[in-house]
file final.json (JSON, C-alpha atoms)
[["chain", "number", "residue", "atom", "x", "y", "z"],
["L", 1, "MET", "CA", 113.50, 5.75, -16.86],
["L", 2, "VAL", "CA", 113.58, 5.03, -13.14],
["L", 3, "GLN", "CA", 112.28, 8.51, -12.39],
["L", 4, "ASN", "CA", 109.36, 8.03, -14.79],
["L", 5, "GLU", "CA", 108.49, 4.71, -13.18],
["L", 6, "GLN", "CA", 108.57, 6.30, -9.73],
["L", 7, "GLN", "CA", 106.35, 9.14, -10.93],
["L", 8, "GLU", "CA", 103.86, 6.69, -12.44],
["L", 9, "ALA", "CA", 103.84, 4.67, -9.23],
["L", 10, "SER", "CA", 103.27, 7.83, -7.21],
["L", 11, "GLU", "CA", 100.39, 8.90, -9.46],
["L", 12, "SER", "CA", 98.88, 5.43, -9.24],
["L", 13, "THR", "CA", 99.03, 5.59, -5.45],
["L", 14, "LEU", "CA", 97.35, 8.99, -5.44],
["L", 15, "ARG", "CA", 94.60, 7.77, -7.76],
["L", 16, "ILE", "CA", 93.91, 4.76, -5.58],
["L", 17, "ALA", "CA", 93.94, 6.86, -2.40],
["L", 18, "THR", "CA", 91.60, 9.43, -3.96],
["L", 19, "LEU", "CA", 89.06, 6.76, -4.86],
["L", 20, "PHE", "CA", 89.36, 4.47, -1.86],
["L", 21, "ILE", "CA", 89.16, 7.17, 0.81],
["L", 22, "ILE", "CA", 85.45, 7.21, 0.00],
["L", 23, "ILE", "CA", 85.27, 3.97, 1.99],
["L", 24, "VAL", "CA", 85.52, 6.01, 5.21],
["L", 25, "PRO", "CA", 82.30, 8.04, 4.78],
["L", 26, "ALA", "CA", 80.60, 4.99, 3.23],
["L", 27, "ILE", "CA", 81.24, 2.92, 6.36],
["L", 28, "MET", "CA", 80.31, 5.78, 8.67],
["L", 29, "GLY", "CA", 77.15, 6.44, 6.65],
["L", 30, "LEU", "CA", 76.20, 2.77, 6.88],
["L", 31, "ALA", "CA", 76.74, 2.86, 10.63],
["L", 32, "ALA", "CA", 74.71, 6.05, 11.01],
["L", 33, "SER", "CA", 71.77, 4.66, 9.03],
["L", 34, "SER", "CA", 71.86, 1.20, 10.62],
["L", 35, "ALA", "CA", 72.51, 1.89, 14.31],
["L", 36, "PRO", "CA", 70.67, 1.13, 16.49],
["L", 37, "GLU", "CA", 68.25, 0.00, 13.77],
["L", 38, "PHE", "CA", 68.06, 0.51, 10.03],
["L", 39, "ASN", "CA", 66.33, 3.69, 8.87],
["L", 40, "GLY", "CA", 65.49, 3.99, 5.19],
["L", 41, "LEU", "CA", 65.29, 7.78, 5.21],
["L", 42, "TYR", "CA", 68.74, 8.18, 6.74],
["L", 43, "ALA", "CA", 70.11, 5.53, 4.39],
["L", 44, "SER", "CA", 68.74, 7.38, 1.35],
["L", 45, "ILE", "CA", 70.05, 10.79, 2.42],
["L", 46, "LEU", "CA", 73.47, 9.55, 3.49],
["L", 47, "GLY", "CA", 73.68, 7.32, 0.43],
["L", 48, "CYS", "CA", 73.12, 10.35, -1.81],
["L", 49, "ILE", "CA", 75.84, 12.27, 0.03],
["L", 50, "VAL", "CA", 78.29, 9.38, -0.32],
["L", 51, "GLY", "CA", 77.33, 9.13, -3.98],
["L", 52, "LEU", "CA", 78.15, 12.80, -4.50],
["L", 53, "LEU", "CA", 81.47, 12.31, -2.73],
["L", 54, "PHE", "CA", 82.21, 9.37, -5.02],
["L", 55, "ILE", "CA", 81.44, 11.49, -8.09],
["L", 56, "TYR", "CA", 83.70, 14.18, -6.67],
["L", 57, "SER", "CA", 86.46, 11.60, -6.18],
["L", 58, "VAL", "CA", 86.06, 10.27, -9.72],
["L", 59, "PHE", "CA", 86.16, 13.84, -11.02],
["L", 60, "GLN", "CA", 89.42, 14.35, -9.14],
["L", 61, "VAL", "CA", 90.90, 11.29, -10.82],
["L", 62, "VAL", "CA", 89.57, 11.95, -14.33],
["L", 63, "THR", "CA", 90.78, 15.56, -14.33],
["L", 64, "LYS", "CA", 93.99, 14.56, -12.51],
["L", 65, "ARG", "CA", 93.39, 17.22, -9.90],
["L", 66, "TYR", "CA", 94.88, 14.87, -7.35],
["L", 67, "ASN", "CA", 98.25, 16.00, -8.72],
["L", 68, "GLU", "CA", 97.53, 19.50, -7.41],
["L", 69, "GLU", "CA", 98.37, 19.61, -3.73],
["L", 70, "ALA", "CA", 95.69, 22.16, -2.86],
["L", 71, "GLN", "CA", 92.98, 20.13, -4.61],
["L", 72, "ARG", "CA", 94.21, 16.93, -2.99],
["L", 73, "PHE", "CA", 94.05, 18.39, 0.51],
["L", 74, "LEU", "CA", 90.68, 20.01, -0.16],
["L", 75, "HIS", "CA", 89.29, 16.65, -1.24],
["L", 76, "LEU", "CA", 90.68, 15.03, 1.91],
["L", 77, "ILE", "CA", 89.22, 17.75, 4.13],
["L", 78, "ILE", "CA", 85.74, 17.44, 2.64],
["L", 79, "VAL", "CA", 85.67, 13.65, 2.82],
["L", 80, "LEU", "CA", 86.96, 13.46, 6.40],
["L", 81, "ASN", "CA", 84.68, 16.22, 7.67],
["L", 82, "VAL", "CA", 81.63, 14.56, 6.14],
["L", 83, "SER", "CA", 82.81, 11.32, 7.74],
["L", 84, "ALA", "CA", 83.06, 13.10, 11.09],
["L", 85, "LEU", "CA", 79.47, 14.31, 10.80],
["L", 86, "PHE", "CA", 78.33, 10.79, 9.95],
["L", 87, "MET", "CA", 80.13, 9.49, 13.04],
["L", 88, "LEU", "CA", 78.41, 12.04, 15.25],
["L", 89, "LEU", "CA", 75.08, 11.21, 13.62],
["L", 90, "ALA", "CA", 75.62, 7.55, 14.48],
["L", 91, "VAL", "CA", 76.31, 8.49, 18.10],
["L", 92, "TRP", "CA", 73.20, 10.64, 18.25],
["L", 93, "ARG", "CA", 71.01, 7.89, 16.81],
["L", 94, "VAL", "CA", 72.34, 5.23, 19.17],
["L", 95, "TYR", "CA", 71.56, 7.44, 22.14],
["L", 96, "GLY", "CA", 67.96, 7.77, 21.05],
["L", 97, "GLU", "CA", 68.18, 10.97, 18.96],
["L", 98, "VAL", "CA", 67.96, 13.08, 22.11],
["L", 99, "ALA", "CA", 67.70, 16.73, 21.08],
["L", 100, "TRP", "CA", 70.12, 18.18, 23.62],
["L", 101, "LEU", "CA", 72.79, 15.62, 22.76],
["L", 102, "GLY", "CA", 72.46, 16.40, 19.06],
["L", 103, "VAL", "CA", 72.85, 20.10, 19.77],
["L", 104, "VAL", "CA", 75.92, 19.50, 21.94],
["L", 105, "LEU", "CA", 77.60, 17.26, 19.36],
["L", 106, "LEU", "CA", 76.89, 19.73, 16.56],
["L", 107, "VAL", "CA", 77.99, 22.81, 18.53],
["L", 108, "VAL", "CA", 81.26, 21.14, 19.56],
["L", 109, "TYR", "CA", 81.81, 20.11, 15.93],
["L", 110, "LEU", "CA", 81.24, 23.68, 14.70],
["L", 111, "LEU", "CA", 83.55, 25.07, 17.38],
["L", 112, "ALA", "CA", 86.23, 22.54, 16.44],
["L", 113, "LEU", "CA", 85.75, 23.44, 12.78],
["L", 114, "LEU", "CA", 86.03, 27.16, 13.48],
["L", 115, "PHE", "CA", 89.06, 26.64, 15.70],
["L", 116, "ALA", "CA", 90.75, 24.45, 13.08],
["L", 117, "ILE", "CA", 90.17, 27.07, 10.36],
["L", 118, "VAL", "CA", 91.21, 30.12, 12.37],
["L", 119, "LYS", "CA", 94.20, 28.44, 14.03],
["L", 120, "ARG", "CA", 95.11, 26.10, 11.17],
["L", 121, "GLU", "CA", 98.68, 27.36, 10.85],
["L", 122, "TYR", "CA", 99.31, 27.04, 14.58],
["L", 123, "LEU", "CA", 97.81, 23.55, 14.66],
["L", 124, "TYR", "CA", 99.82, 22.54, 11.60],
["L", 125, "ASN", "CA", 103.03, 23.66, 13.27],
["L", 126, "ALA", "CA", 101.97, 21.99, 16.53],
["L", 127, "MET", "CA", 101.55, 18.68, 14.70],
["L", 128, "ARG", "CA", 104.98, 19.00, 13.13],
["L", 129, "HIS", "CA", 106.81, 20.46, 16.14],
["L", 130, "PRO", "CA", 104.85, 19.61, 19.32],
["L", 131, "ARG", "CA", 107.72, 20.65, 21.61],
["L", 132, "LYS", "CA", 107.76, 24.17, 20.19],
["L", 133, "TYR", "CA", 103.98, 24.47, 20.49],
["L", 134, "PRO", "CA", 103.08, 22.88, 23.84],
["L", 135, "VAL", "CA", 99.49, 24.16, 23.91],
["L", 136, "GLY", "CA", 98.69, 22.70, 20.50],
["L", 137, "GLY", "CA", 100.46, 19.50, 21.46],
["L", 138, "ARG", "CA", 98.32, 19.26, 24.57],
["L", 139, "ILE", "CA", 95.16, 19.71, 22.50],
["L", 140, "TYR", "CA", 96.03, 16.78, 20.26],
["L", 141, "GLY", "CA", 97.23, 14.80, 23.25],
["L", 142, "ALA", "CA", 93.97, 15.41, 25.07],
["L", 143, "VAL", "CA", 91.90, 14.31, 22.09],
["L", 144, "LEU", "CA", 94.00, 11.18, 21.61],
["L", 145, "LEU", "CA", 93.81, 10.41, 25.32],
["L", 146, "ALA", "CA", 90.05, 10.86, 25.23],
["L", 147, "ALA", "CA", 89.88, 8.49, 22.28],
["L", 148, "ALA", "CA", 91.74, 5.89, 24.33],
["L", 149, "VAL", "CA", 89.77, 6.14, 27.56],
["L", 150, "ILE", "CA", 86.34, 7.57, 26.83],
["L", 151, "GLY", "CA", 84.82, 4.24, 25.89],
["L", 152, "PRO", "CA", 85.78, 2.24, 28.99],
["L", 153, "SER", "CA", 85.36, 5.18, 31.37],
["L", 154, "SER", "CA", 81.90, 5.97, 30.03],
["L", 155, "TYR", "CA", 80.59, 2.46, 30.66],
["L", 156, "GLY", "CA", 78.38, 3.55, 33.56],
["L", 157, "PHE", "CA", 77.04, 6.48, 31.56],
["L", 158, "ALA", "CA", 76.37, 4.20, 28.61],
["L", 159, "VAL", "CA", 74.47, 1.76, 30.83],
["L", 160, "ALA", "CA", 72.33, 4.57, 32.25],
["L", 161, "ILE", "CA", 71.50, 6.04, 28.85],
["L", 162, "SER", "CA", 70.89, 2.61, 27.35],
["L", 163, "SER", "CA", 68.41, 1.70, 30.08],
["L", 164, "GLN", "CA", 66.48, 4.90, 29.35],
["L", 165, "GLN", "CA", 66.67, 4.90, 25.57],
["L", 166, "GLY", "CA", 66.67, 1.15, 24.91],
["L", 167, "SER", "CA", 70.03, 0.98, 23.11],
["L", 168, "GLU", "CA", 72.41, -1.90, 23.50],
["L", 169, "VAL", "CA", 75.13, -1.25, 26.09],
["L", 170, "ALA", "CA", 77.93, -2.58, 23.91],
["L", 171, "LEU", "CA", 76.83, -0.42, 20.99],
["L", 172, "SER", "CA", 76.60, 2.63, 23.23],
["L", 173, "VAL", "CA", 80.14, 2.09, 24.49],
["L", 174, "ILE", "CA", 81.49, 1.62, 20.97],
["L", 175, "VAL", "CA", 79.93, 4.80, 19.61],
["L", 176, "SER", "CA", 81.14, 6.70, 22.68],
["L", 177, "MET", "CA", 84.65, 5.79, 21.63],
["L", 178, "ILE", "CA", 84.30, 7.27, 18.13],
["L", 179, "VAL", "CA", 83.30, 10.76, 19.30],
["L", 180, "PRO", "CA", 86.86, 12.06, 19.87],
["L", 181, "PHE", "CA", 87.95, 10.54, 16.56],
["L", 182, "ALA", "CA", 85.27, 12.57, 14.79],
["L", 183, "TYR", "CA", 86.67, 15.79, 16.23],
["L", 184, "LEU", "CA", 90.21, 14.59, 15.58],
["L", 185, "PHE", "CA", 89.34, 14.29, 11.88],
["L", 186, "VAL", "CA", 88.48, 18.00, 11.94],
["L", 187, "LEU", "CA", 91.51, 19.11, 13.94],
["L", 188, "VAL", "CA", 93.93, 17.17, 11.75],
["L", 189, "SER", "CA", 92.51, 17.49, 8.24],
["L", 190, "ILE", "CA", 91.98, 21.25, 8.03],
["L", 191, "PRO", "CA", 95.40, 22.34, 9.38],
["L", 192, "ALA", "CA", 97.03, 19.99, 6.87],
["L", 193, "TYR", "CA", 95.91, 22.39, 4.13],
["L", 194, "VAL", "CA", 98.50, 24.87, 5.40],
["L", 195, "LYS", "CA", 101.16, 22.82, 3.63],
["L", 196, "ALA", "CA", 99.45, 23.49, 0.30],
["L", 197, "GLU", "CA", 99.07, 27.18, 1.17],
["L", 198, "LYS", "CA", 102.77, 27.50, 1.93],
["L", 199, "ASN", "CA", 103.78, 25.74, -1.28],
["L", 200, "GLN", "CA", 101.54, 28.06, -3.31],
["L", 201, "ASN", "CA", 103.28, 31.15, -1.93]]

call {"tool": "encode", "arguments": {"input": "final.json", "output": "structure tokens"}}
result
Amino acid sequence: MVQNEQQEASESTLRIATLFIIIVPAIMGLAASSAPEFNGLYASILGCIVGLLFIYSVFQVVTKRYNEEAQRFLHLIIVLNVSALFMLLAVWRVYGEVAWLGVVLLVVYLLALLFAIVKREYLYNAMRHPRKYPVGGRIYGAVLLAAAVIGPSSYGFAVAISSQQGSEVALSVIVSMIVPFAYLFVLVSIPAYVKAEKNQN
């Protein structure tokens, strides 16, 4: 009886998490389409993407695929990586949609994605046992440190860019702070799939 209740509670938690995680890309999509000013085209495109993610989430719940670890992690990876792209899009828009910046943000994202896929097992182990994997631990430490200091330390850069592109300084500083979090989403979500791979073997 108690075991059944615990299982039902666990399933309920998974259902809620599967549906409510869509809030992350929804907020990031809203930010990307609204900053520094609202753009209807971006809002329509990003809204459609969020809508598809919501349908995907509902499908996960209706078919109870959230009970399958591999499907659950795959859903998480897709949602967080789309969120990361939305975050980078918001940064690019705030800084005036400068071409070179967009290329840099996208290239770094693709490199992080490739690195996370190729080295997913190493990164997974580094997250679980940072002392045994010092290089991987340093990578995560560097990203977290960047997340903590990049906003304040980039104030002068933000002021310079803002004066050229016409963006608000405060907004520029805020979006500067979310850049490392976007890449952190990639470096954390994809290696987590290794757990599902190991359990399948």

call {"tool": "atom_distance", "arguments": {"input": "final.json", "atom1": "atom CA of Leu184 of chain L", "atom2": "atom CA of Arg65 of chain L"}}
result
25.8 Å

call {"tool": "closest_residue", "arguments": {"input": "final.json", "among": "L:Tyr183, L:Leu123, L:Leu80, L:Pro36", "to": "Val107 of chain L", "atoms": "all atoms listed in the file"}}
result
L:Tyr183

call {"tool": "atom_distance", "arguments": {"input": "final.json", "atom1": "atom CA of Leu74 of chain L", "atom2": "atom CA of Ile55 of chain L"}}
result
14.9 Å

call {"tool": "residues_around", "arguments": {"input": "final.json", "residues": "segment 14-24 of chain L", "least_positions_apart": "2", "cutoff": "12 Å", "atoms": "only C-alpha atoms", "output": "PyMOL selection string"}}
result
chain L and resi 7-12+26-31+47+49-69+71-87+182+185

call {"tool": "atom_distance", "arguments": {"input": "final.json", "atom1": "atom CA of Ala32 of chain L", "atom2": "atom CA of Leu89 of chain L"}}
result
5.8 Å

call {"tool": "residues_around", "arguments": {"input": "final.json", "residues": "Ala192 of chain L", "least_positions_apart": "4", "cutoff": "8 Å", "atoms": "only C-alpha atoms", "output": "number ranges by chain"}}
result
L: 73, 120, 124, 188, 196

call {"tool": "axis_aligned_box", "arguments": {"input": "final.json", "around": "segment 98-114 of chain L", "padding_each_side": "4 Å", "output": "lines of an AutoDock Vina configuration file"}}
result
center_x = 77.0
center_y = 20.1
center_z = 18.2
size_x = 26.5
size_y = 22.1
size_z = 18.8

call {"tool": "closest_residue", "arguments": {"input": "final.json", "among": "L:Ala35, L:Arg128, L:Cys48, L:Leu113", "to": "Ala90 of chain L", "atoms": "all atoms listed in the file"}}
result
L:Ala35
